[in-house]
file target.csv (CSV, C-alpha atoms)
chain,number,residue,atom,x,y,z
A,1,MET,CA,140.2,65.3,63.4
A,2,ALA,CA,141.8,66.1,66.8
A,3,THR,CA,140.7,69.8,66.4
A,4,SER,CA,137.1,68.9,65.8
A,5,HIS,CA,137.1,66.5,68.7
A,6,LEU,CA,138.5,69.2,71.0
A,7,GLY,CA,135.8,71.7,69.8
A,8,ALA,CA,133.0,69.2,70.6
A,9,LYS,CA,134.3,68.8,74.2
A,10,ARG,CA,134.4,72.6,74.7
A,11,ALA,CA,130.9,72.9,73.4
A,12,GLN,CA,129.7,70.2,75.9
A,13,ARG,CA,131.4,72.0,78.7
A,14,ARG,CA,129.8,75.3,77.8
A,15,LYS,CA,126.4,73.6,77.7
A,16,ALA,CA,126.9,72.0,81.0
A,17,SER,CA,128.0,75.3,82.5
A,18,VAL,CA,124.8,77.0,81.2
A,19,THR,CA,122.7,74.2,82.6
A,20,ARG,CA,124.2,74.6,86.1
A,21,ILE,CA,123.6,78.3,86.0
A,22,VAL,CA,119.9,77.8,85.1
A,23,ARG,CA,119.4,75.2,87.8
A,24,ASN,CA,120.9,77.4,90.4
A,25,THR,CA,118.9,80.5,89.4
A,26,GLU,CA,116.4,81.4,92.1
A,27,PHE,CA,112.7,82.5,91.8
A,28,PRO,CA,111.2,83.9,89.6
A,29,LEU,CA,113.2,82.2,86.9
A,30,ARG,CA,112.3,78.9,88.5
A,31,ALA,CA,109.7,77.8,91.1
A,32,ALA,CA,110.3,78.8,94.7
A,33,ALA,CA,111.3,76.0,97.0
A,34,THR,CA,108.5,74.4,99.1
A,35,PRO,CA,109.1,75.0,102.9
A,36,LYS,CA,109.9,71.9,104.8
A,37,GLY,CA,106.9,70.2,106.3
A,38,GLU,CA,104.5,71.6,103.8
A,39,THR,CA,102.9,69.6,101.0
A,40,PRO,CA,101.4,71.9,98.4
A,41,LEU,CA,97.9,71.0,97.1
A,42,PRO,CA,97.4,70.8,93.4
A,43,ALA,CA,96.0,74.0,91.9
A,44,SER,CA,92.7,72.3,91.0
A,45,VAL,CA,91.7,71.2,94.5
A,46,GLY,CA,91.3,72.8,98.0
A,47,ALA,CA,90.0,76.4,97.9
A,48,ASN,CA,90.7,76.5,94.1
A,49,TYR,CA,88.4,73.6,93.3
A,50,ASP,CA,85.7,74.7,90.7
A,51,THR,CA,82.3,73.6,91.8
A,52,ASP,CA,80.3,75.3,89.0
A,53,TRP,CA,79.6,72.0,87.3
A,54,ALA,CA,77.8,70.7,90.4
A,55,ARG,CA,75.1,73.4,90.1
A,56,ARG,CA,74.3,72.6,86.5
A,57,PHE,CA,71.0,70.8,85.7
A,58,PRO,CA,72.3,67.2,85.4
A,59,ALA,CA,74.2,67.4,88.7
A,60,ARG,CA,71.3,69.0,90.5
A,61,VAL,CA,69.0,66.3,89.3
A,62,ALA,CA,71.4,63.6,90.5
A,63,ARG,CA,71.8,65.3,93.9
A,64,ARG,CA,68.0,65.7,94.3
A,65,VAL,CA,67.5,62.0,93.6
A,66,TRP,CA,70.3,61.1,96.1
A,67,VAL,CA,69.0,63.4,98.8
A,68,ASP,CA,65.4,62.3,98.5
A,69,THR,CA,66.2,58.6,98.4
A,70,ILE,CA,69.4,57.2,99.9
A,71,ALA,CA,70.4,60.2,102.0
A,72,ARG,CA,66.9,60.6,103.5
A,73,GLY,CA,66.7,56.9,104.2
A,74,LEU,CA,70.0,56.9,106.0
A,75,VAL,CA,69.2,60.0,108.0
A,76,HIS,CA,65.8,58.6,109.1
A,77,TYR,CA,67.4,55.3,110.1
A,78,TYR,CA,70.4,56.7,112.1
A,79,ALA,CA,69.1,60.2,113.2
A,80,GLN,CA,65.3,59.9,113.4
A,81,PRO,CA,65.1,63.7,113.2
A,82,THR,CA,62.3,65.8,114.6
A,83,VAL,CA,62.1,69.1,112.6
A,84,LYS,CA,60.8,72.2,114.4
A,85,GLY,CA,60.5,75.9,113.7
A,86,VAL,CA,59.7,75.6,109.9
A,87,ASP,CA,56.8,78.0,110.5
A,88,ARG,CA,59.3,80.7,111.5
A,89,LEU,CA,60.5,80.8,107.9
A,90,SER,CA,57.1,81.8,106.5
A,91,GLU,CA,58.1,85.4,106.0
A,92,LEU,CA,61.5,84.6,104.6
A,93,ASP,CA,61.5,85.5,100.9
A,94,GLY,CA,64.6,84.6,98.9
A,95,PRO,CA,68.0,83.2,99.8
A,96,ALA,CA,69.5,83.2,103.3
A,97,VAL,CA,72.5,82.0,105.3
A,98,PHE,CA,71.5,79.1,107.5
A,99,ALA,CA,74.0,79.2,110.5
A,100,ALA,CA,74.0,76.1,112.7
A,101,ASN,CA,76.0,74.7,115.6
A,102,HIS,CA,78.3,71.8,114.6
A,103,GLN,CA,78.4,68.5,116.5
A,104,SER,CA,79.4,66.0,113.9
A,105,HIS,CA,79.5,65.2,110.2
A,106,ALA,CA,75.9,64.0,110.5
A,107,ASP,CA,74.8,67.6,110.9
A,108,THR,CA,75.0,68.3,107.1
A,109,ALA,CA,72.9,65.3,106.2
A,110,VAL,CA,70.3,66.2,108.8
A,111,ILE,CA,70.1,69.8,107.6
A,112,VAL,CA,70.0,69.1,103.9
A,113,THR,CA,67.3,66.4,104.2
A,114,SER,CA,65.3,68.6,106.6
A,115,MET,CA,65.5,71.9,104.7
A,116,PRO,CA,62.0,73.0,103.6
A,117,GLU,CA,61.1,74.1,100.2
A,118,PRO,CA,62.0,76.3,98.3
A,119,TRP,CA,65.5,76.6,99.9
A,120,ARG,CA,66.3,72.9,99.5
A,121,ASN,CA,66.3,73.3,95.7
A,122,ARG,CA,69.0,75.9,95.6
A,123,LEU,CA,71.2,75.1,98.5
A,124,VAL,CA,75.0,75.0,98.9
A,125,VAL,CA,77.0,73.9,102.0
A,126,GLY,CA,80.2,75.7,103.1
A,127,ALA,CA,82.7,72.9,103.7
A,128,ALA,CA,86.3,73.1,104.9
A,129,ALA,CA,88.6,73.4,101.8
A,130,ASP,CA,91.4,71.5,103.5
A,131,TYR,CA,89.3,68.6,104.6
A,132,PHE,CA,86.6,68.0,102.0
A,133,PHE,CA,88.5,69.3,99.0
A,134,GLY,CA,91.9,67.8,99.7
A,135,ASN,CA,92.0,65.7,96.5
A,136,ARG,CA,89.9,65.3,93.3
A,137,VAL,CA,87.9,62.3,94.5
A,138,THR,CA,86.7,63.8,97.8
A,139,SER,CA,86.2,67.2,96.0
A,140,ALA,CA,83.9,65.7,93.4
A,141,ILE,CA,81.9,63.7,96.0
A,142,SER,CA,81.4,66.7,98.2
A,143,ALA,CA,80.3,69.0,95.4
A,144,LEU,CA,78.0,66.5,93.7
A,145,PHE,CA,76.3,64.7,96.6
A,146,VAL,CA,76.4,67.5,99.3
A,147,GLY,CA,76.4,70.6,97.1
A,148,ALA,CA,79.5,71.7,99.0
A,149,ILE,CA,81.6,74.7,98.1
A,150,PRO,CA,85.1,75.1,99.6
A,151,ILE,CA,85.5,77.6,102.5
A,152,GLU,CA,89.0,78.5,103.8
A,153,ARG,CA,89.1,78.0,107.6
A,154,THR,CA,92.6,79.2,108.4
A,155,ALA,CA,92.9,82.4,106.4
A,156,LEU,CA,90.9,84.9,104.3
A,157,ASN,CA,90.6,83.7,100.8
A,158,ARG,CA,89.1,86.1,98.3
A,159,ARG,CA,88.2,83.4,95.8
A,160,THR,CA,86.1,81.4,98.3
A,161,ILE,CA,84.5,84.6,99.7
A,162,ASP,CA,83.6,85.9,96.2
A,163,LYS,CA,82.1,82.6,95.3
A,164,ALA,CA,79.9,82.3,98.4
A,165,VAL,CA,78.7,85.9,98.1
A,166,GLY,CA,78.1,85.5,94.4
A,167,LEU,CA,75.9,82.5,95.0
A,168,LEU,CA,73.9,84.2,97.7
A,169,CYS,CA,73.3,87.2,95.4
A,170,ASN,CA,72.1,84.8,92.6
A,171,GLY,CA,69.5,83.1,94.7
A,172,TRP,CA,71.4,80.3,96.4
A,173,SER,CA,71.1,79.7,100.1
A,174,LEU,CA,74.2,78.7,102.1
A,175,VAL,CA,74.6,76.4,105.1
A,176,ILE,CA,77.5,77.3,107.3
A,177,TYR,CA,78.9,76.4,110.7
A,178,PRO,CA,80.1,79.6,112.5
A,179,GLU,CA,82.1,77.5,115.0
A,180,GLY,CA,84.6,76.6,112.3
A,181,GLY,CA,84.8,73.0,113.3
A,182,ARG,CA,83.1,70.1,115.0
A,183,SER,CA,82.4,69.8,118.7
A,184,ARG,CA,85.1,68.0,120.7
A,185,ASP,CA,82.8,66.8,123.5
A,186,GLY,CA,79.2,67.6,122.5
A,187,TRP,CA,79.3,71.2,123.7
A,188,GLY,CA,79.6,74.1,121.4
A,189,GLN,CA,82.3,76.7,120.7
A,190,GLN,CA,82.4,80.5,120.2
A,191,PHE,CA,80.9,81.6,116.9
A,192,GLN,CA,83.3,83.2,114.4
A,193,PRO,CA,82.1,86.2,112.3
A,194,GLY,CA,82.3,84.5,108.9
A,195,ALA,CA,78.6,83.9,108.5
A,196,ALA,CA,77.8,87.5,109.5
A,197,PHE,CA,80.4,88.8,107.0
A,198,LEU,CA,79.0,86.8,104.1
A,199,ALA,CA,75.4,87.7,104.9
A,200,LYS,CA,76.3,91.4,105.1
A,201,GLN,CA,78.2,91.4,101.9
A,202,ALA,CA,75.3,89.7,100.0
A,203,GLY,CA,72.6,91.6,101.8
A,204,VAL,CA,70.7,88.5,102.9
A,205,PRO,CA,69.3,87.4,106.4
A,206,VAL,CA,70.8,84.8,108.6
A,207,VAL,CA,68.6,81.9,109.9
A,208,PRO,CA,69.8,80.5,113.3
A,209,VAL,CA,69.6,76.7,113.4
A,210,HIS,CA,70.2,74.4,116.4
A,211,ILE,CA,70.9,70.7,116.0
A,212,ARG,CA,70.7,68.3,119.0
A,213,GLY,CA,71.7,64.6,119.2
A,214,THR,CA,74.1,64.2,116.2
A,215,PHE,CA,77.1,64.1,118.5
A,216,ASP,CA,76.0,60.7,119.7
A,217,ILE,CA,75.4,59.5,116.1
A,218,LEU,CA,78.8,60.4,114.6
A,219,ARG,CA,81.1,62.1,117.1
A,220,LYS,CA,84.5,63.3,116.2
A,221,GLY,CA,86.9,60.3,115.9
A,222,ARG,CA,84.1,57.7,115.3
A,223,ALA,CA,84.4,55.9,111.9
A,224,TRP,CA,80.9,54.5,111.8
A,225,PRO,CA,77.5,56.0,112.9
A,226,ARG,CA,75.2,54.6,115.5
A,227,ARG,CA,71.5,55.2,115.9
A,228,SER,CA,70.2,57.9,118.1
A,229,ARG,CA,67.5,60.6,118.0
A,230,SER,CA,68.1,64.2,116.8
A,231,VAL,CA,66.2,67.5,116.7
A,232,ILE,CA,66.7,70.3,114.2
A,233,ASN,CA,65.2,73.6,115.2
A,234,PHE,CA,65.0,76.6,112.8
A,235,GLY,CA,64.8,80.1,114.3
A,236,ARG,CA,63.5,83.4,113.0
A,237,PRO,CA,65.6,85.1,110.3
A,238,LEU,CA,67.9,87.8,111.6
A,239,ASP,CA,68.8,91.0,109.8
A,240,PHE,CA,71.5,93.5,110.5
A,241,ASP,CA,70.5,96.4,112.6
A,242,GLU,CA,71.5,99.9,111.5
A,243,GLY,CA,75.2,100.4,112.4
A,244,GLU,CA,75.6,96.9,113.7
A,245,ASN,CA,79.0,95.4,112.9
A,246,ASN,CA,79.9,91.8,112.2
A,247,ARG,CA,81.1,90.9,115.7
A,248,ARG,CA,78.0,92.3,117.4
A,249,PHE,CA,75.7,90.5,115.0
A,250,THR,CA,77.7,87.3,115.6
A,251,ARG,CA,77.0,87.6,119.4
A,252,ARG,CA,73.3,88.0,118.6
A,253,LEU,CA,73.4,85.1,116.3
A,254,GLN,CA,75.0,82.8,118.9
A,255,ALA,CA,72.5,83.9,121.5
A,256,ALA,CA,69.7,83.0,119.1
A,257,VAL,CA,71.1,79.5,118.6
A,258,GLU,CA,71.5,79.2,122.4
A,259,GLY,CA,67.8,80.1,122.8
A,260,LEU,CA,66.9,77.4,120.3
A,261,ALA,CA,69.0,74.9,122.2
A,262,ASP,CA,67.2,75.9,125.5
A,263,GLU,CA,63.8,75.5,123.8
A,264,THR,CA,64.7,72.1,122.4
A,265,ALA,CA,66.1,70.8,125.7
A,266,THR,CA,63.2,72.0,127.9
A,267,GLY,CA,60.3,71.8,125.4
A,268,ASN,CA,59.1,75.1,126.8
A,269,TRP,CA,59.1,77.9,124.2
A,270,PHE,CA,57.9,80.6,126.4
A,271,ALA,CA,60.3,80.0,129.3
A,272,ALA,CA,63.2,79.7,126.8
A,273,ARG,CA,62.3,83.0,125.3
A,274,ARG,CA,62.1,84.7,128.7
A,275,ARG,CA,65.6,83.4,129.6
A,276,LEU,CA,66.9,84.6,126.2
A,277,HIS,CA,65.6,88.1,126.7
A,278,SER,CA,67.1,88.2,130.2
A,279,ALA,CA,70.4,86.7,129.0
A,280,ASP,CA,69.9,83.9,131.5
A,281,ASN,CA,69.7,81.0,129.1
A,282,PRO,CA,72.4,78.2,129.0
A,283,THR,CA,75.4,78.8,126.7
A,284,LEU,CA,76.5,76.5,123.9
A,285,GLU,CA,79.9,76.1,125.5
A,286,GLY,CA,78.7,74.3,128.6
A,287,PRO,CA,80.0,74.3,132.2
A,288,ALA,CA,83.6,74.6,133.2
A,289,GLY,CA,85.1,71.5,134.6
A,290,SER,CA,86.5,68.1,133.8
A,291,ALA,CA,85.5,66.0,130.7
A,292,TRP,CA,83.2,63.7,132.7
A,293,ARG,CA,81.5,66.6,134.4
A,294,ARG,CA,80.8,68.3,131.1
A,295,ARG,CA,79.5,65.1,129.6
A,296,TRP,CA,77.2,64.4,132.6
A,297,ALA,CA,75.7,67.9,132.3
A,298,LEU,CA,75.1,67.4,128.6
A,299,THR,CA,73.1,64.2,129.1
A,300,GLU,CA,71.1,65.1,132.2
A,301,ALA,CA,67.4,66.1,132.1
A,302,PRO,CA,66.8,69.8,132.9
A,303,PRO,CA,64.1,70.6,135.5
A,304,GLN,CA,61.7,71.9,132.8
A,305,ALA,CA,62.2,69.0,130.4
A,306,GLY,CA,59.2,68.4,128.2
A,307,PRO,CA,58.1,65.7,125.8
A,308,LEU,CA,60.6,66.7,123.1
A,309,ALA,CA,63.6,66.1,125.3
A,310,SER,CA,65.9,63.4,124.0
A,311,SER,CA,65.0,59.8,125.0
A,312,THR,CA,68.6,59.2,126.0
A,313,ILE,CA,68.5,61.8,128.8
A,314,SER,CA,69.1,60.1,132.2
A,315,LYS,CA,67.3,60.4,135.5
A,316,ARG,CA,70.2,62.0,137.3
A,317,ARG,CA,69.7,65.4,138.9
A,318,TRP,CA,72.8,67.4,138.3
A,319,PRO,CA,72.2,71.2,138.3
A,320,TYR,CA,71.1,72.1,134.8
A,321,VAL,CA,73.5,74.4,133.0
call {"tool": "encode", "arguments": {"input": "target.csv", "output": "structure tokens"}}
result
Amino acid sequence: MATSHLGAKRAQRRKASVTRIVRNTEFPLRAAATPKGETPLPASVGANYDTDWARRFPARVARRVWVDTIARGLVHYYAQPTVKGVDRLSELDGPAVFAANHQSHADTAVIVTSMPEPWRNRLVVGAAADYFFGNRVTSAISALFVGAIPIERTALNRRTIDKAVGLLCNGWSLVIYPEGGRSRDGWGQQFQPGAAFLAKQAGVPVVPVHIRGTFDILRKGRAWPRRSRSVINFGRPLDFDEGENNRRFTRRLQAAVEGLADETATGNWFAARRRLHSADNPTLEGPAGSAWRRRWALTEAPPQAGPLASSTISKRRWPYV
């Protein structure tokens, strides 16, 4: 009896010893430790979230009903958009990358509800994977109601790149914000070459788009929108010139959006085109200076302001930039 009891204890000690060895074994026999300060996202969300289901027929019908009813009603109530430049898309045949400046979360709603046929029916929106696809609930809402696909902002991600290029090659158009994030103060930021890269890989043109007024509707940090007026201006599609690289094309794209901004602000297409060709048009980034100076310059009326200038523009006469 004593011998069997002793044997059982030795077996338990051997089992405990093996367990300790397994627990102390490093990667790859066990998962690598997570660095401090980092919270890993589940494999099914973020850049890995599968949005294919949101482009199947039932989801597309649901999204179309949502966009044409509730979303359009909200946009018309809060943004009161004026749509310009649709005639410039008359020669566009097939999918395209629609590259716009980014003032607020209201931009996507304004673009999606203002997008003309036939691009509206096959449209996806590049959305930040870390923001809109952080969990399964926000991922499903973004994919279903916005038609969003995850785009990695902080690093190259082959999965998201291949997905975006594949959709463009299969007839889907893409809305993307080359600035990489929303405006902090109503002025724009330097464009990043992501839109150019995707368009070149897929062999599709890029349509410059400028949005004005949405910063006042839902600026960064504001939880609830307020009513204001907005203008969305579509430019002529841009194709890569022979030998043109992504960075050079991105500079040309940003200049085109700046020209649209000048046209919207002044209401004078001809004068805006002349300033664009002479590289004398105002930039998206605004003037250097303090926050109040930049905000003042953003809201003032330019000398050439026409009837399409925002109704919120003041009577002050600060030099137009």
call {"tool": "residues_around", "arguments": {"input": "target.csv", "residues": "segment 56-72 of chain A", "least_positions_apart": "5", "cutoff": "9 Å", "atoms": "all atoms listed in the file", "output": "VMD selection string"}}
result
chain A and resid 77 109 to 110 112 to 114 121 to 122 144 to 147
call {"tool": "residues_around", "arguments": {"input": "target.csv", "residues": "Val257 of chain A", "least_positions_apart": "5", "cutoff": "8 Å", "atoms": "only C-alpha atoms", "output": "PyMOL selection string"}}
result
chain A and resi 100-101+208-210+235
call {"tool": "residues_around", "arguments": {"input": "target.csv", "residues": "Arg275 of chain A", "least_positions_apart": "3", "cutoff": "12 Å", "atoms": "only C-alpha atoms", "output": "JSON, numbers by chain"}}
result
{"A": [255, 256, 258, 259, 260, 261, 262, 263, 266, 268, 269, 270, 271, 272, 278, 279, 280, 281, 282, 283]}
call {"tool": "closest_residue", "arguments": {"input": "target.csv", "among": "A:Gly188, A:Gly180, A:Pro225, A:Pro95", "to": "Trp119 of chain A", "atoms": "only C-alpha atoms"}}
result
A:Pro95
call {"tool": "residues_around", "arguments": {"input": "target.csv", "residues": "Asp50 of chain A", "least_positions_apart": "4", "cutoff": "10 Å", "atoms": "all atoms listed in the file", "output": "PyMOL selection string"}}
result
chain A and resi 44-46+54+139-140+143+149-150+163
call {"tool": "residues_near_point", "arguments": {"input": "target.csv", "point": "(61.4, 69.6, 113.0)", "cutoff": "6 Å", "atoms": "only C-alpha atoms", "output": "list of chain:residue names"}}
result
A:Thr82, A:Val83, A:Lys84, A:Ile232, A:Asn233
call {"tool": "residues_around", "arguments": {"input": "target.csv", "residues": "Val207 of chain A", "least_positions_apart": "2", "cutoff": "10 Å", "atoms": "only C-alpha atoms", "output": "mmCIF file with C-alpha atoms, in the coordinates of the input"}}
result
data_model
loop_
_atom_site.group_PDB
_atom_site.id
_atom_site.type_symbol
_atom_site.label_atom_id
_atom_site.label_comp_id
_atom_site.auth_asym_id
_atom_site.auth_seq_id
_atom_site.Cartn_x
_atom_site.Cartn_y
_atom_site.Cartn_z
ATOM 1 C CA ARG A 88 59.300 80.700 111.500
ATOM 2 C CA LEU A 89 60.500 80.800 107.900
ATOM 3 C CA LEU A 92 61.500 84.600 104.600
ATOM 4 C CA ALA A 96 69.500 83.200 103.300
ATOM 5 C CA VAL A 97 72.500 82.000 105.300
ATOM 6 C CA PHE A 98 71.500 79.100 107.500
ATOM 7 C CA ALA A 99 74.000 79.200 110.500
ATOM 8 C CA ALA A 100 74.000 76.100 112.700
ATOM 9 C CA VAL A 175 74.600 76.400 105.100
ATOM 10 C CA VAL A 204 70.700 88.500 102.900
ATOM 11 C CA PRO A 205 69.300 87.400 106.400
ATOM 12 C CA VAL A 209 69.600 76.700 113.400
ATOM 13 C CA PHE A 234 65.000 76.600 112.800
ATOM 14 C CA GLY A 235 64.800 80.100 114.300
ATOM 15 C CA ARG A 236 63.500 83.400 113.000
ATOM 16 C CA PRO A 237 65.600 85.100 110.300
ATOM 17 C CA LEU A 238 67.900 87.800 111.600
ATOM 18 C CA ASP A 239 68.800 91.000 109.800
ATOM 19 C CA LEU A 253 73.400 85.100 116.300
ATOM 20 C CA ALA A 256 69.700 83.000 119.100
ATOM 21 C CA VAL A 257 71.100 79.500 118.600
#
call {"tool": "atom_distance", "arguments": {"input": "target.csv", "atom1": "atom CA of Ser90 of chain A", "atom2": "atom CA of His105 of chain A"}}
result
28.1 Å
call {"tool": "closest_residue", "arguments": {"input": "target.csv", "among": "A:Leu156, A:His102, A:Val231, A:Ala196", "to": "Glu179 of chain A", "atoms": "all atoms listed in the file"}}
result
A:His102
call {"tool": "residues_near_point", "arguments": {"input": "target.csv", "point": "(86.8, 84.9, 96.8)", "cutoff": "12 Å", "atoms": "all atoms listed in the file", "output": "VMD selection string"}}
result
chain A and resid 47 to 50 149 to 152 155 to 167 198 201
call {"tool": "closest_residue", "arguments": {"input": "target.csv", "among": "A:Pro178, A:Gly126, A:Pro118, A:Gly171", "to": "Thr250 of chain A", "atoms": "only C-alpha atoms"}}
result
A:Pro178
call {"tool": "atom_distance", "arguments": {"input": "target.csv", "atom1": "atom CA of Ser104 of chain A", "atom2": "atom CA of Ala223 of chain A"}}
result
11.4 Å
call {"tool": "atom_distance", "arguments": {"input": "target.csv", "atom1": "atom CA of Gln103 of chain A", "atom2": "atom CA of Ile217 of chain A"}}
result
9.5 Å
call {"tool": "closest_residue", "arguments": {"input": "target.csv", "among": "A:Asn245, A:Thr264, A:Asn170, A:Ser183", "to": "Leu218 of chain A", "atoms": "all atoms listed in the file"}}
result
A:Ser183
call {"tool": "closest_residue", "arguments": {"input": "target.csv", "among": "A:Gly73, A:Gly243, A:Trp53, A:Phe249", "to": "Val206 of chain A", "atoms": "only C-alpha atoms"}}
result
A:Phe249
call {"tool": "closest_residue", "arguments": {"input": "target.csv", "among": "A:Gly221, A:Gly181, A:Gly213, A:Pro193", "to": "Ala128 of chain A", "atoms": "all atoms listed in the file"}}
result
A:Gly181
